[in-house]
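Single-structure report; data block below.
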Amino acid sequence: MTDFLANLALGFGVALTLQNILLCFIGCLVGTLIGVLPGVGPIATIAMLLPITFNIDPVGALIMLAGIYYGAQYGGSTTAILVNIPGEATSVVTAIDGHMMARNGRAGIALGVAAIGSFFAGTVATLLIAALGAPLSRLALLFTAPEYFSLMVMGLVFAVVLARGSILKAISMIVLGVLLSTIGNDLETGEERMTFGLAFLAEGIDFAVLAMGLFGIAEILRSLEESESRDVVRRPIGRLLPSLQDLKECVNPVLRGTAIGAVLGILPGNGAVLGPFASYAVEKKIARDPSRFGRGAIEGVAGPESANNAGAQTSFIPLLTLGIPPNAVMALMVGAMTIKGIIPGPQVMTKNPNLFWGMIASMWVGNLMLLIINLPLVGLWVRLLKVPYRLLFPSILIFCGIGIYSIGSQPIDVMLIALFGLIGYGFIKVGFEPAPLLLGFVLGKLMEENLRRALSLSRGDPMIFFERPISAVLLVIAFAALAVALLPSIRRERDEVFTE
Amino acid sequence: MKSLILAAAAVVGFGTAALAQDNYPVRQVTMIVPFAAGGPTDVVARIVGDHMSKTLGQQIVVENVAGAGGTTGITRGAQAAPDGYTIMMGHMGTHGAAPALYANLKYDPAKDFAPIGLAAGTPILIVAKKDFPAPDLKGFIAYVKANEAKINMAHAGVGSVSHSTGVLLNAQLGIKPAMIAYRGTGPALNDLMANSVDYMADQIVNVAPQIAAGTIKAYAIATPERSPALPNVPTTKEAGLPDYQVSAWNAVFAPKGTPAPIVAKLSAALDKALDDENTRKRLLELGGVIPDKAGRTPAALQTLVESEVARWNPILKGMGEK
């Protein structure tokens with residue numbers, strides 16, 4: 001315990017120097033901004049800013065880059081809520097109820113709850129990293145191919161639970177998503193699959209392209225069609241801060257979301273993407289009136305947003321303690337460290353305690369800053385919605401175009417968001433939800449890879465999934481959840497909800 | 001339309017070419033890195049590019065164009081205008097293994113480039129899970145040969161350095177273990193640390209921290225000399241596998257047709273960067289091997305590319321996409 005306090009004291013000593021406070025602030029501000037701009041994600045931004053960090057000392061540089069990363073998580077929710085464009089896989093679910101809240105005239109409250117939930121989750125996650133970072137990293141090593149496969153199966157079952165309306169439609173969208181994820185080079189043999197010889201498909205479809213098209217562009221098309229829908233948002237906004245009643249409804253979802261997100265974030269195989277989905281599914285399952293979900297339920301924003309931020313934070317654990325980057329942003333952080341002559345890994349904690357504890361302390365400082373930056377800005381963001389839509393939508397389109405181009409410098413990506421926009425518009429017209437498709441896409445890739453990896457390891461014996469205890473438990477949970485979702489009585493209830 | 005523009009550019013370019021070469025560079029130079037930012041090649045490019053910018057008096061901007069084992073970015077680089085304003089960081093994969101792996105490769109590593117010079121090599125290490133039941137490389141070789149049927153080798157995907165160097169190792173040992181593919185070195189290392197795969201061959205910068213922390217074992221380093229970054233790891237020569245000599249080299253190329261004076265300027269800037277104390281220190285910290293003066297010339301790089309293509313072709317042919 002004294003160690004823990006001494007370490008935190010060391011960390012805050014580093015984080016609270018004038019230079020580092022300033023860098024943290026810049027990082028958070030830049031992160032919020034790029035998070036709000038649809039498409040311009042933290043990956044592109046950090047890659048662009050890498051050269052600038054050459055001239056800053058390593059601790060300061062990493063504090064700033066980390067700030068951009070979690071700042072973008074905050075900002076991303078803003079865009080998801082206000083214009084229904086999830087910038088990252090983790091804000092897909094926020095868009096579902098958050099955007100409905102905005103259309104119901106509760107945009108300010110949705111943004112406020114997202115910020116407060118994120119702050120709480122960030123605080124808890126920071127303490128968790130500081131106190132248990134090293135022991136928790138062992139959890140990561142328990143998860144190898146069979147466990148990941150089972151985890152992804154569970155995730156897909158959650159996706160069914162999560163969907164609104166007809167189970168059949170949800171499952172078909174998930175399957176479509178899984179199929180889309182199989183396009184591109186086969187990982188094991190290098191063969192091209194379903195690319196029709198087109199070079200741009202060789203690497204598969206980028207998540208950002210799919211998400212921006214299906215959600216963003218399709219949403220714009222839909223809004224243009226019904227001009228009055230925007231007026232809903234342009235009604236008096238009312239209060240910005242959540243009321244006591246709102247907060248009370250959020251306490252438990254935030255606590256559960258934080259726990260779920262923090263645990264999944266530790267898994268190095270990008271388990272963090274599951275956090276918000278899992279949280280949403282849990283909230284919907286235990287809600288007294290699940291039909292409110294998808295129509296602006298505040299728990300549907302509070303839980304996933306907390307899970308999202310907790311996961312963003314704890315995903316630093318594999319990086320800082322094992323030296324293994326769990327996702328693309330973390331891989332960039334590795335690059336930033338190595339350019340600075342710090343090789344990330346287990347020895348960072350002992351060799352560079354300043355860096356390790358300074359960064360952890362700065363995360364909390366950064367979260368506090370984000371709360372302070374964001375709450376007053378809520379009014380500003382909401383006012384953005386009052387900009388006439390004929391002015392707003394071309395700028396969103398332009399930002400989407402620039403953003404998607406900045407990710408891979410591929411002109412074809414810009415064309416593809418247009419194509420997926422049209423497809424997404426078609427989905428809306430025939431009453432299919434895009435969220436399960438995206439989840440199927442994200443999880444499908446991981447699921448296939450880990451299935452094949454696990455079967456290679458077991459020389460083709462499927463029993464490997466049941467012989468390993470964690471994998472077996474996850475599969476049992478998945479089957480149980482699926483059985484519950486398919487039970488006739490519940491199905492009837494769902495159908496009623498759907499036909500309401 | 002495109003050809004018209006090209007023709008016009010050629011006419012204008014002809015008149016001003018001599019002048020342009022003398023003043024080069026008058027604007028920023030783009031260096032294409034054919035991998036994601038943060039990877040080993042990207043880090044080498046940024047460290048070397050940082051110092052070359054100072055010599056050239058113009059900023060070298062790194063553009064990451066990842067995809068298809070690096071060949072997407074290199075294809076773009078090969079097709080860029082040969083005016084010295086687009087250069088690229090190629091490596092063992094893009095300019096050695098790629099012709100064997102990609103049947104419809106749109107460039108010839110030995111013919112479509114104006115080589116600038118070798119930047120840095122990153123040595124390959126043979127590493128294994130920490131519970132691997134062998135004390136040294138000889139024991140390792142004996143064990144994998146005896147247990148070929150149940151041995152698993154991890155690699156970071158077909159076309160990656162760890163795949164090519166792993167296949168080379170297996171070919172020299174005469175074994176065919178199950179090859180477990182991962183998307184990148186990180187997840188592969190994770191499973192190696194979790195003891196669920198047995199061994200892999202990868203670049204020092206990726207595996208050094210885990211070796212230092214004792215979470216994985218290193219049996220040998222595939223260079224003529226030991227690395228100062230891991231002085232306790234024997235060379236393959238010392239440990240009993242002298243033929244396994246391989247390094248993931250990174251080298252700067254310009255598109256074919258880049259004027260000789262510009263190539264000379266870039267080559268001199270690279271040479272100067274590799275002599276710079278601070279640049280050397282940063283590269284060495286990564287475990288990199290810096291080529292000597294003779295090894296940095298365009299001619300030496302051309303020889304290296306030709307010998308690498310010849311070396312990888314028989315080992316990897318037919319393993320990649322058709």
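Going by the structure tokens order, chains are called A, B, ..., each with residues numbered from 1, while ligands are numbered from 1 in the order shown.
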Considering only C-alpha atoms, extract the chain A residues located within 6 Å of chain B and return them as a PDB file with N, CA and C atoms, in the first residue's frame.
```pdb
ATOM      1  N   LEU A 141      -2.376 -13.433 -20.507  1.00  0.00           N
ATOM      2  CA  LEU A 141      -1.716 -14.641 -20.993  1.00  0.00           C
ATOM      3  C   LEU A 141      -2.622 -15.861 -20.910  1.00  0.00           C
ATOM      4  N   LEU A 187      -5.125 -15.169 -44.100  1.00  0.00           N
ATOM      5  CA  LEU A 187      -3.986 -14.965 -43.210  1.00  0.00           C
ATOM      6  C   LEU A 187      -2.994 -16.123 -43.273  1.00  0.00           C
ATOM      7  N   GLU A 188      -3.502 -17.334 -43.401  1.00  0.00           N
ATOM      8  CA  GLU A 188      -2.608 -18.490 -43.298  1.00  0.00           C
ATOM      9  C   GLU A 188      -1.895 -18.808 -44.602  1.00  0.00           C
ATOM     10  N   GLY A 190      -2.124 -16.650 -47.568  1.00  0.00           N
ATOM     11  CA  GLY A 190      -1.859 -15.502 -48.411  1.00  0.00           C
ATOM     12  C   GLY A 190      -2.701 -15.464 -49.673  1.00  0.00           C
ATOM     13  N   GLU A 191      -3.584 -16.487 -49.860  1.00  0.00           N
ATOM     14  CA  GLU A 191      -4.474 -16.487 -51.027  1.00  0.00           C
ATOM     15  C   GLU A 191      -5.452 -15.318 -50.936  1.00  0.00           C
ATOM     16  N   ILE A 324       3.173  -5.540 -25.322  1.00  0.00           N
ATOM     17  CA  ILE A 324       2.408  -6.008 -26.475  1.00  0.00           C
ATOM     18  C   ILE A 324       1.273  -5.032 -26.763  1.00  0.00           C
ATOM     19  N   LEU A 332       1.135   2.250 -32.408  1.00  0.00           N
ATOM     20  CA  LEU A 332       1.761   3.542 -32.669  1.00  0.00           C
ATOM     21  C   LEU A 332       2.492   4.062 -31.447  1.00  0.00           C
ATOM     22  N   GLY A 335       5.718   2.533 -31.336  1.00  0.00           N
ATOM     23  CA  GLY A 335       6.614   3.220 -32.258  1.00  0.00           C
ATOM     24  C   GLY A 335       7.157   4.502 -31.649  1.00  0.00           C
ATOM     25  N   ILE A 339      11.114   5.151 -30.952  1.00  0.00           N
ATOM     26  CA  ILE A 339      11.817   6.273 -31.551  1.00  0.00           C
ATOM     27  C   ILE A 339      12.556   7.048 -30.462  1.00  0.00           C
ATOM     28  N   GLY A 345       7.883  -2.693 -22.630  1.00  0.00           N
ATOM     29  CA  GLY A 345       7.926  -4.063 -22.148  1.00  0.00           C
ATOM     30  C   GLY A 345       7.917  -4.075 -20.635  1.00  0.00           C
TER      31      GLY A 345
END
```
When DSSP works through the backbone of this structure, what residues of range 243-447 of chain A end up as helix (DSSP H, G or I), shown as number ranges by chain? A: 244-266, 271-286, 290-292, 299-314, 316-322, 328-339, 348-351, 353-384, 389-408, 411-430, 434-447
Excluding range 18-28 of chain A and residues on its chain fewer than 2 positions from it, collect all residues at most 9 Å away from it, counting only C-alpha atoms, and give them as a PyMOL selection string. chain A and resi 14-16+30-33+59-61+63-72+362-363+365-367+369-370+373
I'd like the contact shell of Leu241 in chain B - 9 Å cut-off, only C-alpha atoms, skipping same-chain residues fewer than 2 positions apart - returned as number ranges by chain. B: 137-138, 172-173, 220, 222, 235-239, 243-245
Output C-alpha atoms for every residue in that selection, as a PDB file, in the first residue's frame.
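Generated output (part_8.pdb):
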```pdb
ATOM      1  CA  LEU B 137      20.399 -24.208 -29.908  1.00  0.00           C
ATOM      2  CA  LYS B 138      21.796 -27.709 -30.401  1.00  0.00           C
ATOM      3  CA  GLN B 172      17.600 -25.487 -43.199  1.00  0.00           C
ATOM      4  CA  LEU B 173      16.550 -27.762 -40.360  1.00  0.00           C
ATOM      5  CA  ALA B 220      20.691 -17.612 -31.245  1.00  0.00           C
ATOM      6  CA  ALA B 222      21.470 -14.874 -37.013  1.00  0.00           C
ATOM      7  CA  THR B 235      25.412 -16.179 -32.800  1.00  0.00           C
ATOM      8  CA  THR B 236      24.091 -19.006 -34.957  1.00  0.00           C
ATOM      9  CA  LYS B 237      27.716 -19.676 -35.910  1.00  0.00           C
ATOM     10  CA  GLU B 238      28.723 -20.127 -32.278  1.00  0.00           C
ATOM     11  CA  ALA B 239      25.633 -22.123 -31.439  1.00  0.00           C
ATOM     12  CA  ASP B 243      24.299 -21.287 -42.393  1.00  0.00           C
ATOM     13  CA  TYR B 244      21.374 -19.451 -40.818  1.00  0.00           C
ATOM     14  CA  GLN B 245      22.470 -15.879 -41.553  1.00  0.00           C
TER      15      GLN B 245
END
```
Near Asn250 in chain B, counting only C-alpha atoms, which residues have an atom at most 9 Å away, once you skip same-chain residues fewer than 2 positions from it, shown as JSON, numbers by chain? {"B": [41, 44, 45, 89, 90, 91, 92, 118, 119, 120, 121, 122, 248, 252]}
According to DSSP computed on the backbone, where in range 139-338 of chain A is there strand (DSSP E or B)? Give the residues as a PyMOL selection string. chain A and resi 184-185+192-193
So how far away is CA of Gly426 in chain A from CA of Pro394 in chain A, in Å?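 If I compute the distance from CA of Pro394 in chain A to CA of Gly426 in chain A, I get 20.8 Å.
CA of Glu192 in chain A lies 20.1 Å from CA of Arg76 in chain B.
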Report as an MDAnalysis selection string all protein, DNA and RNA residues lying within 12 Å of Gly35 in chain A, evaluated on only C-alpha atoms, omitting residues in the same chain fewer than 5 positions from it. chainID A and resid 27:30 40:45 67:80 85:88 91 399 403
Store the residues of this selection in a file with N, CA and C atoms, as a CSV table (one decimal), in the first residue's frame.
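Saved the output as out-v9.csv:
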```
chain,number,residue,atom,x,y,z
A,27,GLY,N,-2.9,17.5,-25.8
A,27,GLY,CA,-3.3,16.2,-26.3
A,27,GLY,C,-4.8,16.0,-26.1
A,28,CYS,N,-5.4,16.3,-25.0
A,28,CYS,CA,-6.8,16.1,-24.8
A,28,CYS,C,-7.6,17.0,-25.7
A,29,LEU,N,-7.2,18.2,-25.9
A,29,LEU,CA,-7.9,19.1,-26.8
A,29,LEU,C,-7.9,18.6,-28.2
A,30,VAL,N,-6.7,18.3,-28.7
A,30,VAL,CA,-6.6,17.8,-30.1
A,30,VAL,C,-7.4,16.5,-30.2
A,40,VAL,N,-11.7,11.5,-38.9
A,40,VAL,CA,-10.3,11.7,-38.5
A,40,VAL,C,-10.1,11.1,-37.2
A,41,GLY,N,-9.5,9.9,-37.2
A,41,GLY,CA,-9.3,9.1,-36.0
A,41,GLY,C,-8.0,9.4,-35.3
A,42,PRO,N,-7.8,8.8,-34.1
A,42,PRO,CA,-6.6,9.0,-33.4
A,42,PRO,C,-5.4,8.3,-34.1
A,43,ILE,N,-5.6,7.3,-34.9
A,43,ILE,CA,-4.5,6.6,-35.6
A,43,ILE,C,-3.8,7.6,-36.5
A,44,ALA,N,-4.6,8.2,-37.4
A,44,ALA,CA,-4.1,9.1,-38.4
A,44,ALA,C,-3.4,10.3,-37.7
A,45,THR,N,-4.1,10.8,-36.6
A,45,THR,CA,-3.6,12.0,-35.9
A,45,THR,C,-2.2,11.7,-35.3
A,67,GLY,N,-3.1,11.4,-24.4
A,67,GLY,CA,-4.2,12.3,-24.3
A,67,GLY,C,-5.0,12.4,-25.5
A,68,ILE,N,-4.3,12.3,-26.7
A,68,ILE,CA,-5.0,12.3,-27.9
A,68,ILE,C,-5.9,11.1,-28.0
A,69,TYR,N,-5.4,10.0,-27.6
A,69,TYR,CA,-6.1,8.7,-27.7
A,69,TYR,C,-7.4,8.7,-26.9
A,70,TYR,N,-7.3,9.0,-25.5
A,70,TYR,CA,-8.6,9.0,-24.8
A,70,TYR,C,-9.4,10.2,-25.0
A,71,GLY,N,-8.8,11.3,-25.4
A,71,GLY,CA,-9.5,12.5,-25.8
A,71,GLY,C,-10.4,12.2,-27.0
A,72,ALA,N,-9.9,11.4,-27.9
A,72,ALA,CA,-10.7,11.0,-29.1
A,72,ALA,C,-11.9,10.1,-28.7
A,73,GLN,N,-11.7,9.3,-27.7
A,73,GLN,CA,-12.8,8.5,-27.2
A,73,GLN,C,-14.0,9.4,-26.8
A,74,TYR,N,-13.6,10.5,-26.0
A,74,TYR,CA,-14.7,11.4,-25.6
A,74,TYR,C,-15.3,12.1,-26.8
A,75,GLY,N,-14.5,12.6,-27.7
A,75,GLY,CA,-15.0,13.3,-28.8
A,75,GLY,C,-15.8,12.5,-29.7
A,76,GLY,N,-15.4,11.2,-29.9
A,76,GLY,CA,-16.1,10.3,-30.7
A,76,GLY,C,-17.5,10.1,-30.3
A,77,SER,N,-17.8,10.1,-29.0
A,77,SER,CA,-19.1,9.9,-28.5
A,77,SER,C,-20.0,11.1,-28.9
A,78,THR,N,-19.4,12.3,-28.9
A,78,THR,CA,-20.1,13.5,-29.3
A,78,THR,C,-20.7,13.3,-30.7
A,79,THR,N,-19.8,12.9,-31.6
A,79,THR,CA,-20.3,12.7,-33.0
A,79,THR,C,-21.3,11.6,-33.1
A,80,ALA,N,-21.1,10.5,-32.4
A,80,ALA,CA,-22.0,9.4,-32.4
A,80,ALA,C,-23.4,9.9,-32.0
A,85,ILE,N,-22.7,9.2,-36.3
A,85,ILE,CA,-21.5,8.6,-37.0
A,85,ILE,C,-20.6,8.1,-35.9
A,86,PRO,N,-20.5,6.8,-35.7
A,86,PRO,CA,-19.5,6.3,-34.8
A,86,PRO,C,-18.1,6.2,-35.4
A,87,GLY,N,-17.2,7.0,-34.9
A,87,GLY,CA,-15.9,7.1,-35.5
A,87,GLY,C,-15.1,5.8,-35.3
A,88,GLU,N,-15.4,5.1,-34.2
A,88,GLU,CA,-14.7,3.9,-33.9
A,88,GLU,C,-15.6,2.7,-33.5
A,91,SER,N,-17.7,3.2,-30.4
A,91,SER,CA,-18.8,4.1,-30.2
A,91,SER,C,-20.1,3.7,-31.0
A,399,PHE,N,-15.7,16.3,-44.2
A,399,PHE,CA,-14.9,15.8,-43.2
A,399,PHE,C,-14.7,14.2,-43.3
A,403,GLY,N,-11.3,12.6,-43.8
A,403,GLY,CA,-10.9,11.7,-42.7
A,403,GLY,C,-10.6,10.3,-43.2
```
When you draw a straight line from CA of Met359 in chain A to CA of Gly11 in chain A, how long is it in Å? 7.1 Å
Using only C-alpha atoms, determine which residues lie at most 12 Å from Gly295 in chain B, disregarding the query and same-chain residues fewer than 2 positions distant; provide the list as a list in words.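 Final neighbour list, sorted by chain and number: Ile116, Gly117, Leu118, Ala119, Ala120, Gly121, Trp249, Ala251, Ser267, Leu270, Asp271, Leu274, Val289, Ile290, Pro291, Asp292, Lys293, Thr297, Pro298, Ala299, Ala300, Leu301, Gln302, Thr303 and Leu304 of chain B.
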